[in-house]
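Okay, so here's the structure we're looking at.
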Amino acid sequence: MDVPKNIFKKHQAQTFPFPSCIEIESANGSYITDINGKQYLDFVAGVSACTLGHSNSIIIDAVKEQLDKYTHVMVYGEYIQPPQYKLAQLLADNLPGNLSTTYFVNSGAEAIEGAMKLAKRATGCSEIISCRDSYHGSTQGALSIMGNEEHKAKYRPLLPNCNQIIYNDVESLLNITKQTAAVVIEPIQGGTGFVSPKNNFLQKVREKCNETQTLLIFDEIQTCFGRLGTLFGFEKYNVIPDILCIAKGMGGGMPIGAFISSWELMNLLTFEPKLGHITTFGGHPVNCAASLATLEYLLSANTMKEVEQKEQLFRTHLHHQKIKEIRGSGLMLCIEFENEELAKEVVEESLEKGLILFYFLFTKTAIRITPPLIISEKEIIEGCNIIKGILEA
C-alpha cells in the first residue's frame with residue numbers, strides 16, 4: 001500500500017511543485033501537531049482563516065449544535081434558516097446603512113464573482129478596474145481582474161474590458177471613467193506583500209468613484225473580522241465601499257464568503273432575470289453557525305482591542321539588521337528580506353524548528369505572518385526568537 005505522501009501527491013491535484021507535506025494529526029489553539037507528535041507554532045492561521053485559532057471550542061460547539069439540527073436543506077435563498085438570517089442581521093448591525101443586505105457564498109473568489117455581476121447589473125456598464133499586483137481569486141472572473149499577467153497568460157481569453165490602476169498612484173485614477181462599472185480594491189494589498197494605502201489613497205479612490213458614479217468594491221477577504229484590529233478594514237481607513245466582499249477569517253476555519261451591499265442594489269439580482277445569482281451550498285447552515293459564533297465572540301471579547309499591542313510586539317521582537325522592512329497592519333504583517341534566498345531559508349528552517357510561515361503570491365523576497373488573533377504574547381515571542389535565531393545563524 002502507498003504511504004500517505006505518495007497518495008497525496010498522486011491522487012490529490014497539486015498547486016505547487018514542493019508542498020511541505022506535513023501529515024496532520026491534530027490542531028489546537030496556535031499549534032498544529034503532526035502524526036509524529038511534533039508541534040508547530042502556526043504564524044499563518046490557514047492564510048488568515050483560523051481567526052480564533054484551531055479547534056476553538058466556541059466554533060466547535062456551534063458546529064455540533066447545528067449538525068444535530070440539520071445540514072444542507074435547500075439551495076440558498078429559499079428557506080428561512082436561523083444561522084443565515086441571524087448572521088446577516090448581526091452583520092447589518094455592525095455595518096454602515098448602505099451595507100445592510102448579505103448574499104452568502106462559499107469562498108472569497110465567489111464573493112468577488114457575485115460583486116462583479118452586481119456592479120454590472122446596477123450600472124449597465126461592463127468595465128471593471130482593479131489594481132496592478134492585486135489578487136482576488138482564481139476563478140475566471142476573479143482571474144480576469146488579477147493584477148499579474150504571469151498568472152493569467154495561460155488562461156486567456158478572459159473577461160474583456162478589465163483594466164487597471166496602480167495602488168497608491170493617484171494619477172492612475174484618471175483611468176476610472178463613467179464607463180467603469182466598478183473599482184475592485186483591497187484596503188491592504190495582499191499578494192504583493194501587504195502594501196498599505198498612503199496619502200489618503202483609498203479616500204481619493206472613493207471620491208473618484210463618486211465623481212464617475214462608479215461602484216467601489218472592497219475586497220476584504222483577508223482583512224475581515226478583526227485582523228487589522230477593527231472588524232473590517234474600511235473602518236481603519238474611514239472609507240465606506242458600495243459593495244463589501246468578505247471570506248477567510250469570517251468562518252473561523254469553516255468555508256464561507258459573502259458579498260454585501262444595500263437592499264436596493266442586492267434586490268436587482270431578484271428580478272429581470274429572476275435568479276440573477278444562484279448557489280447551492282452558499283450560506284451552508286453549519287458554516288453560517290461557525291461564522292456567527294466567531295462574530296459574536298469578537299464583538300464581546302477584547303481580542304480585537306489586543307491586535308495593535310500584538311502587532312507592536314512582533315515589530316519589537318523582529319527588529320534585526322537582516323530584515324529590510326516590516327509592512328502591513330495589525331496581525332497581517334509582511335517581513336521583507338534583502339533577497340529571495342534568505343526568505344526561502346527562513347521559511348524552510350522555521351518549519352524544521354516548529355514554526356509555520358508562508359510566502360506571498362507575487363513577491364519572493366518576503367514572508368507572511370498572519371497568526372490566529374488569539375495568539376498569546378508568549379507564543380509571539382517564541383516564534384520571533386526562532387526567526388531571529390535563524391537570521392543570526
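In the C-alpha cells, chains take the letters A, B, ... in the order shown, each chain's residues start at 1, and ligands count up from 1 in the order shown.
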
* Asked: Leaving out stretch 97-111 of chain A and any residue of its chain fewer than 3 positions from it, which residues lie within 9 Å of it when counting only C-alpha atoms, given as a PyMOL selection string?
  -> chain A and resi 76-77+84+88-89+91-93+114-116+136-139+141-142+219-222+240-248+255-266+279-284+287-288

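When only C-alpha atoms are used to compute distances to A:Arg121, the closest of the residues A:Asn56, A:Thr294, A:Asn267, A:Ser350 turns out to be A:Asn267.
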
* Those of stretch 63-296 of chain A in DSSP strand (DSSP E), formatted as a ChimeraX atom specification -> /A:101-105,127-131,162-165,180-185,215-220,243-246,257-261

* To do: Fewer than 3 positions away in the same chain doesn't count, so skip those; otherwise give me all residues within 12 Å of A:Glu308, counting only C-alpha atoms, as a ChimeraX atom specification.
  => /A:226-230,236,302-305,311-315,328-333,373

Just-selected residues, C-alpha atoms written as a CSV table (one decimal), in the first residue's frame:
```csv
chain,number,residue,atom,x,y,z
A,226,GLY,CA,-10.7,41.8,13.2
A,227,ARG,CA,-7.3,41.2,11.5
A,228,LEU,CA,-6.4,44.8,11.5
A,229,GLY,CA,-7.8,45.5,15.0
A,230,THR,CA,-11.1,46.7,13.5
A,236,LYS,CA,-9.4,51.7,9.9
A,302,ASN,CA,-11.2,42.1,23.9
A,303,THR,CA,-9.5,40.1,21.1
A,304,MET,CA,-9.7,42.9,18.5
A,305,LYS,CA,-8.5,45.5,21.0
A,311,GLU,CA,1.5,43.9,16.2
A,312,GLN,CA,3.9,46.1,18.2
A,313,LEU,CA,5.2,43.0,19.9
A,314,PHE,CA,6.0,41.5,16.5
A,315,ARG,CA,7.7,44.7,15.4
A,328,GLY,CA,1.2,45.7,6.9
A,329,SER,CA,-1.0,46.4,9.8
A,330,GLY,CA,-2.4,44.5,12.9
A,331,LEU,CA,-1.9,40.8,12.6
A,332,MET,CA,-1.4,41.0,8.9
A,333,LEU,CA,2.4,41.5,8.6
A,373,LEU,CA,-5.9,36.6,16.6
```

* To do: Please give the complete set of residues from stretch 107-340 of chain A that DSSP, run on the backbone, assigns to helix (DSSP H, G or I), formatted as a ChimeraX atom specification.
  => /A:108-123,140-144,149-151,153-155,170-175,201-212,233-237,248-251,263-269,285-300,304-317,340

* Selection near stretch 359-368 of chain A, 10 Å with only C-alpha atoms, sequence-local residues under 3 positions removed, as JSON, numbers by chain -> {"A": [43, 44, 47, 48, 133, 134, 135, 147, 148, 150, 151, 190, 191, 192, 193, 194, 323, 324, 325, 326, 327, 328, 332, 333, 334, 335, 336, 337, 338, 339, 340, 341, 342, 343, 344, 346, 347, 356, 371]}

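Shortest atom-to-atom contact with A:Ile129 among A:Gln189, A:Gln203, A:Thr214, A:Gln12: A:Thr214, counting only C-alpha atoms.
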
* Got a sec: who's within 9 Å of A:Pro187, counting only C-alpha atoms, leaving out chain neighbours fewer than 2 positions off, as a VMD selection string? -> chain A and resid 185 189 to 190 195 to 197 202 218 to 220 223 233 to 234 237

Would you save the residues from that selection as a compact mmCIF listing (two decimals), in the first residue's frame, using C-alpha atoms?
```
# COMPACT_ATOMS: atom_id res chain seq x y z
CA ILE A 185 -9.55 47.18 -4.44
CA GLN A 189 -2.89 44.83 -0.98
CA GLY A 190 -2.23 41.19 -0.17
CA VAL A 195 1.13 47.10 0.97
CA SER A 196 -0.85 49.71 2.92
CA PRO A 197 -2.57 52.77 1.43
CA LEU A 202 -8.46 54.99 -0.55
CA PHE A 218 -13.66 46.45 -1.25
CA ASP A 219 -12.02 43.04 -1.26
CA GLU A 220 -11.80 42.38 2.48
CA THR A 223 -8.82 41.80 6.35
CA GLY A 233 -10.51 47.11 7.21
CA PHE A 234 -12.52 50.02 5.82
CA TYR A 237 -9.24 53.95 6.85
```

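Nearest to A:Ile375 of all the residues A:Thr123, A:Ser30, A:Gln309, A:Asn238 is A:Ser30, counting only C-alpha atoms.
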
* **Pairwise distance for atom CA of A:Glu127 and atom CA of A:Gln179, rounded to one decimal in Å** => 6.5 Å

* Which neighbours of A:Lys38 fall inside 9 Å, counting only C-alpha atoms, when residues of the same chain fewer than 5 positions from it are skipped, and could you give them as a VMD selection string? -> chain A and resid 32 to 33 354

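Going from atom CA of A:Val183 to atom CA of A:Val239 covers 13.7 Å.
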